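Participant: I have a structure here, written as structure tokens, and I will follow up with some questions on it.
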2 protein chains.
Amino acid sequence: MEKYLPVIKTCRLFAGIATPDLKKLLHCLGAARAGFEKNCFIFHTGDAAGLTGIVLSGRVQVLQEDYWGNRSILTQLEPGGTFGEAVTCAEIQTLQPSVLAVEKSDILLLDCNRIMACCSTPCAFHTDMIKNMVRILAGKNIYLTQKIWHITRRTTREKLLSYLSAWAARAGDSAFEIPFNRQELANYLSVDRSALSNELSKMRDENILRCRRNYFELLRERVRK
Amino acid sequence: MEKYLPVIKTCRLFAGIATPDLKKLLHCLGAARAGFEKNCFIFHTGDAAGLTGIVLSGRVQVLQEDYWGNRSILTQLEPGGTFGEAVTCAEIQTLQPSVLAVEKSDILLLDCNRIMACCSTPCAFHTDMIKNMVRILAGKNIYLTQKIWHITRRTTREKLLSYLSAWAARAGDSAFEIPFNRQELANYLSVDRSALSNELSKMRDENILRCRRNYFELLRERVRK
DNA sequence: CCCCGTTTGTTGTAAAAAAAACAGACTATG
DNA sequence: CATAGTCTGTTTTTTTTACAACAAACGGGG
């Protein structure tokens, strides 16, 4: 556990909590480490809810899968990211999305019910953690709202431009790298992969962007049609 | 203000807070009432964030609008519902979605920064309110996740069935009423209204459902294809 | 450096959705 | 009860997407 403390300290859930308090807190939350191989599910649709995960290493996707295996990626998490907290805090019984280790990953699992059910002696850092939880949940709300904005665009091109513009804005640069390959990007935007590839080619031909693998560069100020 | 206390007490943000405390709290949060006519925007994309609203009467939609006026409805709120809390709690500067009064509505506006910035003397009910905020935000997360599930279905029919099944499940009955007219439902599911009408007609012909206005009845157990 | 699994791009076809235009039904209101 | 405005359903045309199959490029390991 010790070796992961630097990562754990970057997790927004524990922002502003001193290391000695953090150790107590982790124990109080029943923290346990678990390793997952590449392409293994950490949680699966329909599992009982109750555990919250923190990514210690690797890469993890929160996704929904339909009956035919079509995937819709909700979020991709890097080390320090959390998942499952919404389901726990909303006191829901089963979870709808699945969580997949895209690469070999280490996960810290917390019994998250103990976050809300304050310990008998209300400790200052417990209150801090709940405020952190508010920030995390609010941030995910904004994130989901933006994702909805992307995927409700009418055409594949508009979805792409919406997504890529957001990245350019975040990066503060017209050139940037995205964390998805083509198939994953298609899953994220809920479009067909080949249609997406096709649209990217067309936009490249029209000098709207340059791209290679996960590197993208938007070429000129886009004017709304 | 007094006359709205019964509604305010139903708001999840104030769950478990006694009436005298509630009055103090409202004052502490700078609560102010505002009235809005039908089809007036309460907040508009790009407005400065910082205020959270509680619906006292009427009906309100949180929605996104593109350059051409295409609407995507994120949520519809009844009295007791809250909006704007995520933007405030995430400490974001401007808001992306707009908030529209669909009917003549009364709104309670709170200076929501004061929720997180605890008053100097930490009061018990303030902590309660933050926990309530966690529940609200987590609940909205789940809600948005489900909405994404609906709108990522591939065809209009699948989107409809996904949405209607969820309603049937919530209602615990295969017959139920939805809170949208056709145009609003189309905006919610991000499809063309006439295509939606058309698909409903086909499904009616195929004895999959009965519907009239906002009344729906699913006719037999749907088996996944 | 070659091989093989993976990723990406391309093309053609079939299916589906958007858009537009319109007719009929409904509703509130004077 | 007449009317104007809104809501819903229908049809046709155009645009867009999904699907499938395949070729080319890439990249890591032996």
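Letters A, B, ... go to the chains of the structure tokens in the order shown; residues in each chain start at 1; ligands are counted from 1 in the same order.
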At a cut-off of 8 Å, can you tabulate as a tab-separated table every residue of chain C near chain B together with its closest atom pair and the distance in Å to one decimal, using only C-alpha atoms (C1' of nucleotides) and ordering rows by chain then number?

Facilitator:
```
residue	atom	partner	partner_atom	distance
C:DA16	C1'	B:Thr155	CA	7.6
C:DA17	C1'	B:Ala195	CA	7.2
C:DA18	C1'	B:Asp192	CA	6.5
```

Participant: With only C-alpha atoms (C1' of nucleotides) counted and 12 Å as the cut-off, give the residues of chain D in contact with stretch 160-181 of chain B, each with its shortest interatomic distance in Å and the pair that gives it, as CSV.

Facilitator:
```
residue,atom,partner,partner_atom,distance
D:DT6,C1',B:Asn181,CA,11.3
D:DC7,C1',B:Asn181,CA,8.2
D:DT8,C1',B:Asn181,CA,9.4
```

Participant: Quick one: which residues from chain A are at most 10 Å off chain B, using only C-alpha atoms, as a ChimeraX atom specification?

Facilitator: /A:63-68,70-72,74,85-92,95-97,116-117,127,130-149,151-154,187-192,224-225

Participant: Check stretch 83-151 of chain A with DSSP on the backbone and list each residue it calls strand (DSSP E or B), as an MDAnalysis selection string.

Facilitator: chainID A and resid 83 94 98:101 105:111

Participant: I'd like the contact shell of C:DC22 - 12 Å cut-off, only C-alpha atoms (C1' of nucleotides), skipping same-chain residues fewer than 4 positions apart - returned as a PyMOL selection string.

Facilitator: chain D and resi 9-12

Participant: At a cut-off of 9 Å, list the chain B residues touching chain D, using only C-alpha atoms (C1' of nucleotides), as a list of chain:residue names.

Facilitator: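 That gives the following set of residues: B:Asn181, B:Arg182, B:Gln183, B:Ser194, B:Ser197, B:Asn198, B:Ser201, B:Arg213.
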
Participant: For the residues in that selection, give me N, CA and C atoms as an mmCIF file, in the first residue's frame.

Facilitator:
```cif
data_model
loop_
_atom_site.group_PDB
_atom_site.id
_atom_site.type_symbol
_atom_site.label_atom_id
_atom_site.label_comp_id
_atom_site.auth_asym_id
_atom_site.auth_seq_id
_atom_site.Cartn_x
_atom_site.Cartn_y
_atom_site.Cartn_z
ATOM 1 N N ASN B 181 -44.402 16.199 -24.695
ATOM 2 C CA ASN B 181 -45.143 16.048 -25.945
ATOM 3 C C ASN B 181 -44.168 15.523 -27.012
ATOM 4 N N ARG B 182 -44.650 15.338 -28.236
ATOM 5 C CA ARG B 182 -43.812 14.703 -29.269
ATOM 6 C C ARG B 182 -42.522 15.468 -29.531
ATOM 7 N N GLN B 183 -42.665 16.788 -29.691
ATOM 8 C CA GLN B 183 -41.472 17.582 -29.990
ATOM 9 C C GLN B 183 -40.466 17.506 -28.856
ATOM 10 N N SER B 194 -40.679 14.140 -36.688
ATOM 11 C CA SER B 194 -41.551 13.411 -37.602
ATOM 12 C C SER B 194 -41.104 11.951 -37.708
ATOM 13 N N SER B 197 -42.560 10.312 -34.644
ATOM 14 C CA SER B 197 -43.992 10.081 -34.839
ATOM 15 C C SER B 197 -44.200 8.864 -35.733
ATOM 16 N N ASN B 198 -43.442 8.844 -36.806
ATOM 17 C CA ASN B 198 -43.534 7.753 -37.766
ATOM 18 C C ASN B 198 -43.243 6.402 -37.107
ATOM 19 N N SER B 201 -45.995 5.229 -34.926
ATOM 20 C CA SER B 201 -47.106 4.674 -35.704
ATOM 21 C C SER B 201 -46.817 3.232 -36.103
ATOM 22 N N ARG B 213 -51.364 10.834 -27.290
ATOM 23 C CA ARG B 213 -50.742 11.974 -26.604
ATOM 24 C C ARG B 213 -49.587 11.468 -25.727
#
```

Participant: Could you tell me how far atom CA of B:Thr82 lies from atom CA of A:Leu13, in Å and to one decimal?

Facilitator: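 A separation of 24.3 Å between them.
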
Participant: Tell me which protein, DNA and RNA residues are within 9 Å of stretch 202-211 of chain B, counting only C-alpha atoms (C1' of nucleotides), leaving out same-chain ones fewer than 4 positions away, and put them as a list of chain:residue names.

Facilitator: B:Arg157, B:Ala175, B:Ser197, B:Asn198, B:Tyr215, B:Phe216, B:Glu217, B:Leu218, B:Leu219, B:Arg220, B:Arg222

Participant: For the residues in that selection, give me C-alpha atoms as a compact mmCIF listing (two decimals), in the first residue's frame.

Facilitator:
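Done, and the output landed in out.txt:
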```
# COMPACT_ATOMS: atom_id res chain seq x y z
CA ARG B 157 -37.01 2.58 -32.38
CA ALA B 175 -49.16 1.86 -18.83
CA SER B 197 -43.99 10.08 -34.84
CA ASN B 198 -43.53 7.75 -37.77
CA TYR B 215 -50.18 8.24 -22.53
CA PHE B 216 -48.27 5.06 -23.41
CA GLU B 217 -48.84 1.37 -22.89
CA LEU B 218 -46.30 -1.31 -23.74
CA LEU B 219 -48.15 -4.33 -25.02
CA ARG B 220 -46.08 -7.45 -24.55
CA ARG B 222 -40.19 -7.29 -25.42
```

Participant: Would you list, as a list in words, the residues of stretch 24-120 of chain A that end up in alpha helix (DSSP H) under DSSP run on this structure's backbone?

Facilitator: Lys24, Leu25, Leu26, His27, Cys28, Glu85, Ala86, Val87, Thr88, Cys89, Asn113, Arg114, Ile115 and Met116 of chain A
